[in-house]
Each structure stands twice: as structure tokens, then as C-alpha cells.
$ cat run06.tsv   # TSV, C-alpha atoms (C1' of nucleotides)
chain	number	residue	atom	x	y	z
A	1	MET	CA	-43.43	4.25	8.96
A	2	THR	CA	-43.96	7.11	6.53
A	3	ALA	CA	-42.49	7.36	3.06
A	4	LYS	CA	-41.32	4.49	0.87
A	5	ARG	CA	-37.96	5.63	-0.27
A	6	ASP	CA	-35.26	3.66	-1.95
A	7	LEU	CA	-32.42	2.81	0.35
A	8	ASP	CA	-29.03	3.54	-1.10
A	9	VAL	CA	-25.83	1.67	-0.49
A	10	PHE	CA	-24.99	3.84	2.55
A	11	ASP	CA	-28.31	3.08	4.21
A	12	LEU	CA	-27.88	-0.64	3.61
A	13	LYS	CA	-24.37	-0.64	4.99
A	14	LEU	CA	-25.50	1.29	8.05
A	15	LEU	CA	-28.40	-1.08	8.66
A	16	SER	CA	-26.09	-4.02	8.27
A	17	GLU	CA	-23.75	-2.60	10.88
A	18	VAL	CA	-26.25	-1.48	13.49
A	19	GLN	CA	-28.25	-4.68	13.43
A	20	LYS	CA	-25.06	-6.48	14.38
A	21	ASN	CA	-23.78	-3.89	16.82
A	22	ALA	CA	-25.55	-0.73	17.84
A	23	GLN	CA	-22.81	0.42	20.16
A	24	LEU	CA	-20.48	2.01	17.64
A	25	SER	CA	-20.48	5.79	17.76
A	26	GLN	CA	-21.74	7.64	14.75
A	27	GLY	CA	-18.18	8.68	14.07
A	28	GLU	CA	-17.02	5.08	14.02
A	29	LEU	CA	-19.92	4.12	11.79
A	30	GLY	CA	-19.00	6.96	9.50
A	31	ALA	CA	-15.46	5.68	9.21
A	32	LYS	CA	-16.81	2.27	8.21
A	33	VAL	CA	-19.12	3.54	5.52
A	34	ASN	CA	-17.24	6.63	4.39
A	35	LEU	CA	-19.56	9.32	5.69
A	36	SER	CA	-19.26	12.07	8.24
A	37	ALA	CA	-20.73	11.57	11.68
A	38	ALA	CA	-23.36	14.16	10.87
A	39	ALA	CA	-24.46	12.30	7.77
A	40	VAL	CA	-24.65	9.09	9.75
A	41	ASN	CA	-26.74	10.86	12.35
A	42	ARG	CA	-29.18	12.17	9.77
A	43	ARG	CA	-29.51	8.84	8.04
A	44	LEU	CA	-30.04	6.87	11.24
A	45	LYS	CA	-32.63	9.37	12.39
A	46	ARG	CA	-34.41	9.12	9.10
A	47	LEU	CA	-34.33	5.33	9.09
A	48	ALA	CA	-35.82	5.37	12.57
A	49	ASP	CA	-38.45	7.96	11.65
A	50	GLU	CA	-39.49	5.87	8.68
A	51	GLY	CA	-39.86	2.82	10.86
A	52	ILE	CA	-37.14	0.92	9.05
A	53	ILE	CA	-35.18	0.80	12.27
A	54	LYS	CA	-37.91	-0.31	14.66
A	55	LYS	CA	-36.00	-0.05	17.90
A	56	TYR	CA	-32.72	-0.49	19.68
A	57	VAL	CA	-32.51	-3.21	22.30
A	58	ALA	CA	-30.05	-4.92	24.58
A	59	VAL	CA	-29.73	-8.68	24.15
A	60	ILE	CA	-29.51	-10.47	27.46
A	61	ALA	CA	-27.97	-13.87	28.18
A	62	PRO	CA	-30.96	-15.90	29.39
A	63	GLU	CA	-28.81	-18.21	31.52
A	64	ALA	CA	-27.80	-15.25	33.64
A	65	LEU	CA	-31.40	-14.98	34.76
A	66	GLY	CA	-32.02	-18.67	35.20
A	67	TYR	CA	-33.75	-19.13	31.88
A	68	ALA	CA	-31.55	-21.86	30.46
A	69	LEU	CA	-34.28	-23.92	28.84
A	70	ASN	CA	-35.84	-23.20	25.48
A	71	ILE	CA	-38.76	-25.03	24.01
A	72	VAL	CA	-40.50	-24.99	20.66
A	73	ALA	CA	-44.20	-25.70	21.07
A	74	GLN	CA	-46.51	-26.41	18.19
A	75	VAL	CA	-50.22	-25.99	18.65
A	76	GLU	CA	-53.21	-27.10	16.65
A	77	VAL	CA	-56.54	-25.50	17.37
A	78	GLU	CA	-59.95	-27.09	17.49
A	79	ARG	CA	-61.82	-24.45	15.55
A	80	GLU	CA	-60.46	-21.57	13.49
A	81	ARG	CA	-63.10	-19.11	14.57
A	82	ILE	CA	-61.52	-15.68	14.44
A	83	ASP	CA	-62.57	-14.60	17.89
A	84	LEU	CA	-61.17	-17.77	19.41
A	85	LEU	CA	-57.91	-17.34	17.54
A	86	ASP	CA	-57.65	-13.75	18.67
A	87	ALA	CA	-58.21	-14.80	22.24
A	88	MET	CA	-55.41	-17.36	21.97
A	89	LYS	CA	-53.04	-14.85	20.42
A	90	LYS	CA	-53.67	-12.51	23.32
A	91	VAL	CA	-52.84	-15.23	25.83
A	92	PHE	CA	-49.60	-16.14	24.06
A	93	GLU	CA	-48.65	-12.53	23.61
A	94	ALA	CA	-49.19	-11.72	27.25
A	95	CYS	CA	-47.06	-14.58	28.55
A	96	PRO	CA	-43.52	-13.36	29.32
A	97	GLN	CA	-42.09	-16.83	28.76
A	98	VAL	CA	-43.35	-16.77	25.19
A	99	GLN	CA	-40.51	-15.09	23.35
A	100	GLN	CA	-41.98	-15.63	19.94
A	101	CYS	CA	-45.30	-16.75	18.59
A	102	TYR	CA	-46.17	-17.28	14.94
A	103	TRP	CA	-49.47	-18.04	13.36
A	104	VAL	CA	-48.71	-20.50	10.58
A	105	THR	CA	-50.21	-22.60	7.84
A	106	GLY	CA	-49.68	-26.30	7.51
A	107	GLU	CA	-49.89	-29.10	10.00
A	108	TRP	CA	-49.96	-26.69	12.93
A	109	ASP	CA	-51.64	-23.40	13.65
A	110	PHE	CA	-49.18	-21.79	16.04
A	111	VAL	CA	-45.49	-22.17	16.65
A	112	LEU	CA	-44.18	-20.80	19.92
A	113	MET	CA	-40.67	-20.31	21.18
A	114	LEU	CA	-40.55	-20.38	24.94
A	115	ALA	CA	-37.88	-19.48	27.46
A	116	VAL	CA	-38.44	-21.24	30.76
A	117	ARG	CA	-36.53	-21.91	33.96
A	118	ASP	CA	-37.07	-25.65	33.91
A	119	MET	CA	-39.43	-28.41	32.86
A	120	GLU	CA	-41.64	-27.76	35.82
A	121	GLN	CA	-42.29	-24.24	34.69
A	122	TYR	CA	-43.00	-25.52	31.20
A	123	ASN	CA	-45.47	-28.05	32.53
A	124	GLU	CA	-47.19	-25.31	34.44
A	125	LEU	CA	-47.38	-23.16	31.31
A	126	THR	CA	-48.82	-26.00	29.25
A	127	ARG	CA	-51.50	-26.38	31.87
A	128	GLN	CA	-52.30	-22.68	31.80
A	129	MET	CA	-52.12	-22.08	28.09
A	130	PHE	CA	-52.92	-25.41	26.44
A	131	PHE	CA	-54.83	-27.82	28.67
A	132	LYS	CA	-57.07	-25.18	30.17
A	133	ASN	CA	-57.91	-23.81	26.73
A	134	ASN	CA	-60.50	-26.02	25.12
A	135	ASN	CA	-59.77	-24.63	21.70
A	136	VAL	CA	-56.36	-26.32	21.80
A	137	LYS	CA	-56.80	-29.63	20.03
A	138	ARG	CA	-53.26	-30.89	20.53
A	139	PHE	CA	-49.75	-29.62	20.93
A	140	LYS	CA	-46.26	-30.97	20.50
A	141	THR	CA	-43.12	-30.12	22.41
A	142	LEU	CA	-39.63	-29.87	20.97
A	143	VAL	CA	-36.93	-29.26	23.55
A	144	VAL	CA	-34.04	-27.13	22.36
A	145	LEU	CA	-30.71	-28.86	22.87
A	146	LYS	CA	-28.62	-26.12	21.38
A	147	HIS	CA	-28.93	-22.72	19.78
A	148	VAL	CA	-27.17	-23.10	16.49
A	149	LYS	CA	-28.12	-19.56	15.61
A	150	SER	CA	-30.43	-17.03	17.16
A	151	GLY	CA	-31.18	-13.49	16.20
A	152	LEU	CA	-33.48	-11.22	14.28
A	153	GLU	CA	-31.05	-10.04	11.67
A	154	VAL	CA	-32.49	-9.35	8.26
A	155	PRO	CA	-30.39	-10.42	5.27
A	156	ILE	CA	-28.93	-7.43	3.49
A	157	ASP	CA	-28.00	-7.98	-0.10
B	1	MET	CA	-19.01	-14.05	31.00
B	2	THR	CA	-16.85	-13.79	34.08
B	3	ALA	CA	-18.18	-13.76	37.61
B	4	LYS	CA	-21.47	-15.23	38.78
B	5	ARG	CA	-22.86	-12.52	40.94
B	6	ASP	CA	-26.32	-12.14	42.29
B	7	LEU	CA	-28.28	-9.51	40.47
B	8	ASP	CA	-30.10	-7.12	42.72
B	9	VAL	CA	-33.42	-5.48	42.06
B	10	PHE	CA	-31.76	-2.50	40.35
B	11	ASP	CA	-29.91	-4.72	37.91
B	12	LEU	CA	-33.07	-6.60	37.08
B	13	LYS	CA	-35.02	-3.43	36.51
B	14	LEU	CA	-32.27	-2.06	34.31
B	15	LEU	CA	-32.12	-5.25	32.28
B	16	SER	CA	-35.87	-5.20	31.91
B	17	GLU	CA	-35.75	-1.67	30.57
B	18	VAL	CA	-32.84	-1.95	28.18
B	19	GLN	CA	-34.03	-5.17	26.60
B	20	LYS	CA	-37.20	-3.33	25.64
B	21	ASN	CA	-35.56	-0.05	24.70
B	22	ALA	CA	-31.86	0.66	24.67
B	23	GLN	CA	-32.27	4.25	23.57
B	24	LEU	CA	-33.03	5.84	26.90
B	25	SER	CA	-30.17	7.86	28.28
B	26	GLN	CA	-28.56	6.70	31.46
B	27	GLY	CA	-30.16	9.68	33.18
B	28	GLU	CA	-33.62	8.64	32.05
B	29	LEU	CA	-32.94	5.07	33.11
B	30	GLY	CA	-31.81	6.36	36.48
B	31	ALA	CA	-35.08	8.22	36.93
B	32	LYS	CA	-36.98	5.02	36.20
B	33	VAL	CA	-35.10	2.88	38.69
B	34	ASN	CA	-34.20	5.50	41.29
B	35	LEU	CA	-30.50	5.62	40.70
B	36	SER	CA	-28.08	8.32	39.63
B	37	ALA	CA	-26.88	8.37	36.06
B	38	ALA	CA	-23.40	7.45	37.25
B	39	ALA	CA	-24.69	4.41	39.09
B	40	VAL	CA	-26.62	3.34	36.01
B	41	ASN	CA	-23.46	3.73	33.97
B	42	ARG	CA	-21.43	1.58	36.34
B	43	ARG	CA	-24.09	-1.12	36.47
B	44	LEU	CA	-24.62	-1.30	32.73
B	45	LYS	CA	-20.90	-1.49	32.17
B	46	ARG	CA	-20.60	-4.28	34.70
B	47	LEU	CA	-23.51	-6.19	33.20
B	48	ALA	CA	-21.88	-5.93	29.80
B	49	ASP	CA	-18.45	-6.93	31.12
B	50	GLU	CA	-19.96	-9.98	32.78
B	51	GLY	CA	-21.61	-11.01	29.57
B	52	ILE	CA	-25.09	-10.66	31.00
B	53	ILE	CA	-25.79	-8.00	28.44
B	54	LYS	CA	-24.46	-9.71	25.34
B	55	LYS	CA	-24.84	-6.88	22.89
B	56	TYR	CA	-26.88	-3.94	21.73
B	57	VAL	CA	-28.55	-4.16	18.36
B	58	ALA	CA	-30.95	-2.31	16.12
B	59	VAL	CA	-34.09	-4.20	15.11
B	60	ILE	CA	-34.93	-3.70	11.47
B	61	ALA	CA	-38.33	-4.04	9.81
B	62	PRO	CA	-37.78	-6.90	7.36
B	63	GLU	CA	-40.46	-5.65	4.95
B	64	ALA	CA	-38.41	-2.53	4.37
B	65	LEU	CA	-35.75	-4.71	2.78
B	66	GLY	CA	-38.11	-6.92	0.84
B	67	TYR	CA	-38.05	-9.76	3.35
B	68	ALA	CA	-41.76	-10.05	3.98
B	69	LEU	CA	-42.00	-13.83	4.16
B	70	ASN	CA	-41.12	-15.92	7.18
B	71	ILE	CA	-41.02	-19.66	7.24
B	72	VAL	CA	-40.56	-22.25	9.94
B	73	ALA	CA	-38.75	-25.28	8.60
B	74	GLN	CA	-38.43	-28.52	10.50
B	75	VAL	CA	-35.73	-30.96	9.52
B	76	GLU	CA	-35.14	-34.59	10.31
B	77	VAL	CA	-31.72	-36.04	9.65
B	78	GLU	CA	-30.84	-39.44	8.29
B	79	ARG	CA	-28.04	-40.24	10.71
B	80	GLU	CA	-27.07	-38.47	13.91
B	81	ARG	CA	-23.36	-38.79	13.37
B	82	ILE	CA	-21.73	-35.86	15.11
B	83	ASP	CA	-19.59	-34.79	12.18
B	84	LEU	CA	-22.59	-34.79	9.87
B	85	LEU	CA	-24.62	-32.78	12.35
B	86	ASP	CA	-21.82	-30.27	12.74
B	87	ALA	CA	-21.59	-29.89	9.00
B	88	MET	CA	-25.31	-29.17	8.82
B	89	LYS	CA	-25.14	-26.66	11.63
B	90	LYS	CA	-22.41	-24.82	9.79
B	91	VAL	CA	-24.51	-24.63	6.65
B	92	PHE	CA	-27.55	-23.31	8.51
B	93	GLU	CA	-25.45	-20.87	10.49
B	94	ALA	CA	-23.80	-19.48	7.41
B	95	CYS	CA	-27.05	-18.83	5.54
B	96	PRO	CA	-28.14	-15.20	6.01
B	97	GLN	CA	-31.78	-16.12	5.45
B	98	VAL	CA	-31.66	-18.42	8.46
B	99	GLN	CA	-32.46	-16.09	11.32
B	100	GLN	CA	-32.65	-18.80	13.92
B	101	CYS	CA	-31.71	-22.46	14.06
B	102	TYR	CA	-32.29	-24.77	16.98
B	103	TRP	CA	-31.15	-28.30	17.48
B	104	VAL	CA	-34.02	-30.06	19.19
B	105	THR	CA	-35.26	-33.34	20.57
B	106	GLY	CA	-38.47	-35.00	19.56
B	107	GLU	CA	-40.00	-35.62	16.20
B	108	TRP	CA	-37.53	-33.33	14.47
B	109	ASP	CA	-33.85	-32.63	14.75
B	110	PHE	CA	-33.68	-29.00	13.68
B	111	VAL	CA	-36.11	-26.13	13.70
B	112	LEU	CA	-35.24	-23.16	11.52
B	113	MET	CA	-36.77	-19.74	11.26
B	114	LEU	CA	-36.18	-18.24	7.85
B	115	ALA	CA	-36.64	-14.79	6.42
B	116	VAL	CA	-37.00	-14.87	2.67
B	117	ARG	CA	-38.07	-12.54	-0.11
B	118	ASP	CA	-40.62	-14.91	-1.61
B	119	MET	CA	-41.46	-18.53	-2.17
B	120	GLU	CA	-39.05	-18.74	-5.03
B	121	GLN	CA	-36.17	-17.86	-2.78
B	122	TYR	CA	-37.39	-20.41	-0.26
B	123	ASN	CA	-37.54	-23.09	-2.90
B	124	GLU	CA	-34.04	-22.25	-3.91
B	125	LEU	CA	-32.87	-22.50	-0.30
B	126	THR	CA	-34.55	-25.85	0.20
B	127	ARG	CA	-32.69	-27.10	-2.85
B	128	GLN	CA	-29.39	-25.81	-1.52
B	129	MET	CA	-29.76	-26.79	2.12
B	130	PHE	CA	-32.13	-29.75	2.17
B	131	PHE	CA	-32.38	-31.60	-1.13
B	132	LYS	CA	-28.70	-31.39	-1.91
B	133	ASN	CA	-27.80	-32.63	1.54
B	134	ASN	CA	-28.20	-36.37	1.67
B	135	ASN	CA	-28.24	-36.40	5.44
B	136	VAL	CA	-31.61	-34.64	5.36
B	137	LYS	CA	-34.23	-37.37	5.62
B	138	ARG	CA	-37.26	-35.11	5.35
B	139	PHE	CA	-38.38	-31.62	6.15
B	140	LYS	CA	-41.62	-29.82	6.71
B	141	THR	CA	-42.53	-26.24	5.90
B	142	LEU	CA	-44.77	-23.99	7.96
B	143	VAL	CA	-45.47	-20.62	6.39
B	144	VAL	CA	-45.85	-17.77	8.85
B	145	LEU	CA	-49.14	-15.95	8.36
B	146	LYS	CA	-48.60	-13.49	11.16
B	147	HIS	CA	-46.13	-12.57	13.84
B	148	VAL	CA	-48.14	-12.70	17.02
B	149	LYS	CA	-45.01	-11.90	18.99
B	150	SER	CA	-41.37	-11.79	18.11
B	151	GLY	CA	-38.38	-10.88	20.16
B	152	LEU	CA	-35.59	-12.20	22.30
B	153	GLU	CA	-36.71	-10.76	25.59
B	154	VAL	CA	-35.94	-12.82	28.64
B	155	PRO	CA	-38.62	-12.92	31.34
B	156	ILE	CA	-37.60	-10.94	34.38
B	157	ASP	CA	-39.27	-11.91	37.60
C	1	DA	C1'	-27.55	28.85	-17.79
C	2	DG	C1'	-30.85	29.18	-13.77
C	3	DT	C1'	-33.62	27.26	-9.93
C	4	DG	C1'	-34.83	24.14	-6.23
C	5	DA	C1'	-34.40	19.97	-3.67
C	6	DA	C1'	-31.49	16.76	-1.39
C	7	DA	C1'	-27.49	15.55	0.93
C	8	DC	C1'	-22.66	16.42	2.16
C	9	DG	C1'	-18.84	18.13	5.47
C	10	DT	C1'	-17.21	21.34	8.89
C	11	DA	C1'	-17.61	23.23	13.06
C	12	DA	C1'	-19.96	24.92	17.11
C	13	DA	C1'	-23.41	23.96	20.58
C	14	DG	C1'	-25.70	20.89	23.43
C	15	DA	C1'	-26.28	16.53	25.79
C	16	DT	C1'	-24.44	12.41	27.73
C	17	DA	C1'	-21.16	9.24	29.68
D	1	DT	C1'	-14.18	16.53	31.83
D	2	DA	C1'	-14.11	14.00	27.65
D	3	DT	C1'	-16.85	12.13	24.28
D	4	DC	C1'	-20.66	11.78	21.52
D	5	DT	C1'	-24.78	13.72	19.29
D	6	DT	C1'	-27.23	17.23	17.19
D	7	DT	C1'	-27.88	21.48	14.74
D	8	DA	C1'	-26.57	25.47	11.82
D	9	DC	C1'	-24.44	26.92	7.85
D	10	DG	C1'	-22.27	27.11	3.46
D	11	DT	C1'	-21.23	24.04	-0.50
D	12	DT	C1'	-21.97	20.46	-4.01
D	13	DT	C1'	-24.71	17.72	-7.01
D	14	DC	C1'	-28.28	16.75	-9.94
D	15	DA	C1'	-32.86	16.93	-12.17
D	16	DC	C1'	-35.81	19.86	-14.40
D	17	DT	C1'	-36.90	24.42	-16.86

$ encode --input "run06.tsv" --output "C-alpha cells"
Amino acid sequence: MTAKRDLDVFDLKLLSEVQKNAQLSQGELGAKVNLSAAAVNRRLKRLADEGIIKKYVAVIAPEALGYALNIVAQVEVERERIDLLDAMKKVFEACPQVQQCYWVTGEWDFVLMLAVRDMEQYNELTRQMFFKNNNVKRFKTLVVLKHVKSGLEVPID
Amino acid sequence: MTAKRDLDVFDLKLLSEVQKNAQLSQGELGAKVNLSAAAVNRRLKRLADEGIIKKYVAVIAPEALGYALNIVAQVEVERERIDLLDAMKKVFEACPQVQQCYWVTGEWDFVLMLAVRDMEQYNELTRQMFFKNNNVKRFKTLVVLKHVKSGLEVPID
DNA sequence: AGTGAAACGTAAAGATA
DNA sequence: TATCTTTACGTTTCACT
């Protein structure tokens, strides 16, 4: 998260590759982008040091762990007092079943993506996070029928 | 995606670690879960072979590439004919700015998470994907003010 | 032309699988 | 033990004097 440098075409190609697949060796990456393994190593290290590569993670199949159900929940709050909002964010953030939570403008205040075992677990979570919280004015549930696309890949032009 | 085996406590701990940080060496992972590096190696390989670990990826800071704006778009379709839906899915899937797309029940048919450079790019995308498509009945835009939480981590009990 | 910074490739050393 | 990563070293390029 340090300097603001311009990324050249090698950096962009490397980022494009590793955000799709971080398992290639630096030698293999080098072959793809026309650089030596050492150059790849230096560039990846630099990109990580600068915070451009935030982390490396394994992506797990949720079904394998019994988390086959995804739900989009939209939440409107009663009052937009900053301390109340912060308290809600903390609750959402701390809940392992909340994979993603966005604070948004528009008709709703929060959009959450949840991964749950089943409807019963979702009902329980709504009780905990929504009904119990008297700053939640209303919420709406959208059940995911199918993942058309899911990832965190950033477009690289 | 082969066998359906029961995951033991070591597997679960390993999955929990690598989905947060896939950069630890197998030796370091072993120290965390009380296993030898070789055992960690065998287990990770097996988890990958079984499709439980789907892939390893680098997570990139979108701002570093000029993608500082996220938008949740909700779409309702005109007709739920399967061929029309499939055509829409293909369009959403193929668009690099669409990070995630879910087919859902309820008030809307699709929920999309977009990463765009600016509002202008979003407007352009709505023209391409929504206005041009006469199976899109209506859509609603929620602009993300803040990422409270974002990831693909599966809860591990 | 001369100097310094940045980045490369090769190759050896060190760490990991 | 084989492979991959990291570092050291000498070389190239380029911007600026």
C-alpha cells in the first residue's frame, strides 16, 4: 500500500494470470509473459508489497461443507445514525455466514450475500441479525437458484 | 469432484487456513494443525483432487486498476423462457465488469455485482446489457458506498 | 559522453514440496 | 530428492547532466 506507480504491460498480464490461477510456478508465469522467473518473482513481490495483490487464497466448494444454499438479503435501516450503522456493520462482519456485505445507496441500505446450510439456518440468522435488531426497518430475501458467475476478479484492460 | 468423503478435523482446519491465506508453507500449516509437512501436502493434494479446493487465486485491489466503483444491479426479465434466460446468463457471464451474477427467486430474477471504473462506464454497460435486451423488463441500481465485508469464504464449523 | 536509477537474465543458494 | 523461490552479480537501457 505504498507508492503509486504505473503498472506496465507485464504487471497487468501477471495480475490477470494470478487472479485466475495462483498455482503456476514463477517459471511458468514467466513463459506466459516473456520474463525470467526472477523477474516474475520481483514483480509479484513488489505488487504484494504495494498492496496491489492483497492476498492469496484457496477457493473452496461450499457444497463440500454442507453450505449449498446462498441468499441475497437486502436490509433497510430505521435510522441512519452513524453509531447504529457501525454497530450493524460489526454484526454482519462478524457473522461467518455473511460472505459479503455492502453498504449501498438507493432503496436499501445493506446488501448481504449469505452462505447457509439450509432455510432453517437462514431463519435463525434473520432472527439474530434482523428481527432482534430494532434498527432494522425491513428486509427482503432473494434465494439464489444458480451461480451464473462468482468471483472477485478485477477487469484488466 | 470425485469421491464424497467425510472431512476430518484436520481437513477442516486446513481448509479454514488456506481460504484465509494460501501463502503459508506446508510446514507452517503443519505447525498450525499439528501435522507433518508431508501429511499437509497429501491432504491438500487430495482436497484439490476431490474438487473441494476449487482453485488458488490472488486477490487484487480493484482501486489499483482504476476500478473503484462497485454496483449491485437487480434485473427483472420480461419472460422466463429458458432459452432467453440462458442467453442473458451468457451475456452477464461474458462481461468482465460483472464479478458476480446470481439467478434468484423473489422480486428480481438476477442480482449482479459489478466492478466499474466510473458511472459513465456503468451507464454504457446498462445500455449494452439491459436497455438493448428486450427481455429485460426493468432493473434497479444500488451503488456500493462501502465494502463492509467481501470474500468467498465458506463458514467452517 | 558520463552518471545513476531501474530492471533484466543467469546462475547459485536456500527453501519447499 | 526434485522443484521452486530467492538472492547475488554483471549487464542493459534510458533519462538527465

$ closest_atom_pairs --input "run06.tsv" --of "chain A" --to "chain C" --cutoff "9 Å" --atoms "all atoms listed in the file" --output "JSON lines"
{"residue": "A:Leu35", "atom": "CA", "partner": "C:DC8", "partner_atom": "C1'", "distance": 8.5}
{"residue": "A:Ser36", "atom": "CA", "partner": "C:DG9", "partner_atom": "C1'", "distance": 6.7}
{"residue": "A:Ala38", "atom": "CA", "partner": "C:DG9", "partner_atom": "C1'", "distance": 8.1}
{"residue": "A:Ala39", "atom": "CA", "partner": "C:DC8", "partner_atom": "C1'", "distance": 7.2}

$ axis_aligned_box --input "run06.tsv" --around "segment 124-140 of chain A" --padding-each-side "6 Å" --output "JSON"
{"center_x": -53.4, "center_y": -26.5, "center_z": 27.2, "size_x": 26.2, "size_y": 20.9, "size_z": 26.4}

$ atom_distance --input "run06.tsv" --atom1 "atom CA of Asn70 of chain A" --atom2 "atom CA of Pro96 of chain A"
13.1 Å

$ residues_around --input "run06.tsv" --residues "Cys95 of chain A" --least-positions-apart "2" --cutoff "10 Å" --atoms "all atoms listed in the file" --output "ChimeraX atom specification"
/A:90-93,97-99,114,125,129 /B:155

$ write_last_selection --input "run06.tsv" --atoms "C-alpha atoms" --output "PDB file, in the coordinates of the input"
ATOM      1  CA  LYS A  90     -53.670 -12.510  23.320  1.00  0.00           C
ATOM      2  CA  VAL A  91     -52.840 -15.230  25.830  1.00  0.00           C
ATOM      3  CA  PHE A  92     -49.600 -16.140  24.060  1.00  0.00           C
ATOM      4  CA  GLU A  93     -48.650 -12.530  23.610  1.00  0.00           C
ATOM      5  CA  GLN A  97     -42.090 -16.830  28.760  1.00  0.00           C
ATOM      6  CA  VAL A  98     -43.350 -16.770  25.190  1.00  0.00           C
ATOM      7  CA  GLN A  99     -40.510 -15.090  23.350  1.00  0.00           C
ATOM      8  CA  LEU A 114     -40.550 -20.380  24.940  1.00  0.00           C
ATOM      9  CA  LEU A 125     -47.380 -23.160  31.310  1.00  0.00           C
ATOM     10  CA  MET A 129     -52.120 -22.080  28.090  1.00  0.00           C
TER      11      MET A 129
ATOM     12  CA  PRO B 155     -38.620 -12.920  31.340  1.00  0.00           C
TER      13      PRO B 155
END

$ atom_distance --input "run06.tsv" --atom1 "atom CA of Glu124 of chain B" --atom2 "atom CA of Lys54 of chain A"
29.0 Å

$ atom_distance --input "run06.tsv" --atom1 "atom CA of Val143 of chain B" --atom2 "atom CA of Tyr102 of chain A"
9.2 Å

$ interface_residues --input "run06.tsv" --of "chain D" --to "chain A" --cutoff "12 Å" --atoms "all atoms listed in the file" --output "NGL selection string"
:D and (3-8)

$ interface_residues --input "run06.tsv" --of "chain A" --to "chain B" --cutoff "7 Å" --atoms "only C-alpha atoms" --output "ChimeraX atom specification"
/A:18-23,52-62,64,89,93,96-97,99-106,142-155

$ decode --input "run06.tsv" --residues "segment 6-17 of chain C" --atoms "N, CA and C atoms (P, O5', C5', C4', C3', O3' and C1' of nucleotides)" --output "short mmCIF file (atom, residue, chain, number, x, y, z; two decimals), in the first residue's frame"
data_model
loop_
_atom_site.label_atom_id
_atom_site.label_comp_id
_atom_site.auth_asym_id
_atom_site.auth_seq_id
_atom_site.Cartn_x
_atom_site.Cartn_y
_atom_site.Cartn_z
P DA C 6 15.17 4.10 -8.76
"O5'" DA C 6 14.88 3.10 -9.96
"C5'" DA C 6 14.33 3.61 -11.18
"C4'" DA C 6 14.18 2.46 -12.17
"C3'" DA C 6 13.64 1.18 -11.53
"O3'" DA C 6 12.64 0.63 -12.37
"C1'" DA C 6 15.66 0.73 -12.66
P DA C 7 11.76 -0.62 -11.89
"O5'" DA C 7 12.22 -1.77 -12.87
"C5'" DA C 7 12.31 -1.51 -14.26
"C4'" DA C 7 13.07 -2.64 -14.91
"C3'" DA C 7 12.73 -4.01 -14.31
"O3'" DA C 7 12.50 -4.95 -15.35
"C1'" DA C 7 15.05 -3.69 -14.36
P DC C 8 11.99 -6.38 -15.09
"O5'" DC C 8 13.00 -7.22 -15.98
"C5'" DC C 8 13.34 -6.71 -17.26
"C4'" DC C 8 14.60 -7.38 -17.78
"C3'" DC C 8 14.68 -8.85 -17.43
"O3'" DC C 8 14.35 -9.64 -18.57
"C1'" DC C 8 16.74 -7.72 -16.91
P DG C 9 14.19 -11.19 -18.36
"O5'" DG C 9 15.70 -11.73 -18.35
"C5'" DG C 9 16.53 -11.50 -19.48
"C4'" DG C 9 17.85 -12.25 -19.31
"C3'" DG C 9 17.68 -13.73 -18.98
"O3'" DG C 9 18.61 -14.50 -19.73
"C1'" DG C 9 18.82 -12.62 -17.20
P DT C 10 18.69 -16.05 -19.54
"O5'" DT C 10 19.96 -16.33 -18.62
"C5'" DT C 10 21.18 -15.64 -18.87
"C4'" DT C 10 22.21 -16.01 -17.80
"C3'" DT C 10 22.20 -17.48 -17.40
"O3'" DT C 10 23.55 -17.94 -17.33
"C1'" DT C 10 21.91 -16.11 -15.48
P DA C 11 23.86 -19.47 -17.12
"O5'" DA C 11 24.21 -19.53 -15.57
"C5'" DA C 11 25.05 -18.51 -15.02
"C4'" DA C 11 25.07 -18.66 -13.52
"C3'" DA C 11 24.98 -20.12 -13.04
"O3'" DA C 11 25.76 -20.26 -11.86
"C1'" DA C 11 23.24 -18.91 -12.08
P DA C 12 26.27 -21.70 -11.39
"O5'" DA C 12 26.45 -21.53 -9.82
"C5'" DA C 12 26.90 -20.26 -9.32
"C4'" DA C 12 26.22 -20.00 -7.99
"C3'" DA C 12 26.16 -21.24 -7.06
"O3'" DA C 12 26.47 -20.84 -5.75
"C1'" DA C 12 23.99 -20.35 -7.38
P DA C 13 26.56 -21.88 -4.54
"O5'" DA C 13 25.49 -21.35 -3.50
"C5'" DA C 13 25.30 -19.94 -3.36
"C4'" DA C 13 24.03 -19.69 -2.55
"C3'" DA C 13 23.86 -20.66 -1.38
"O3'" DA C 13 23.39 -19.92 -0.26
"C1'" DA C 13 22.00 -20.79 -2.84
P DG C 14 23.21 -20.63 1.17
"O5'" DG C 14 21.62 -20.67 1.33
"C5'" DG C 14 20.86 -19.49 1.08
"C4'" DG C 14 19.39 -19.86 1.02
"C3'" DG C 14 18.96 -20.82 2.13
"O3'" DG C 14 17.84 -20.24 2.79
"C1'" DG C 14 18.25 -21.62 0.01
P DA C 15 17.14 -20.96 4.01
"O5'" DA C 15 15.78 -21.41 3.34
"C5'" DA C 15 15.02 -20.46 2.60
"C4'" DA C 15 13.83 -21.16 1.96
"C3'" DA C 15 13.03 -22.04 2.92
"O3'" DA C 15 11.67 -21.69 2.77
"C1'" DA C 15 13.64 -23.26 0.99
P DT C 16 10.57 -22.35 3.69
"O5'" DT C 16 9.87 -23.32 2.66
"C5'" DT C 16 9.69 -22.87 1.31
"C4'" DT C 16 9.12 -23.99 0.48
"C3'" DT C 16 8.18 -24.93 1.22
"O3'" DT C 16 6.94 -24.92 0.52
"C1'" DT C 16 9.80 -26.15 -0.02
P DA C 17 5.80 -25.93 0.82
"O5'" DA C 17 6.08 -27.03 -0.28
"C5'" DA C 17 6.07 -26.67 -1.63
"C4'" DA C 17 6.12 -27.93 -2.51
"C3'" DA C 17 5.04 -28.95 -2.19
"O3'" DA C 17 4.63 -29.54 -3.41
"C1'" DA C 17 7.16 -29.92 -1.86
#
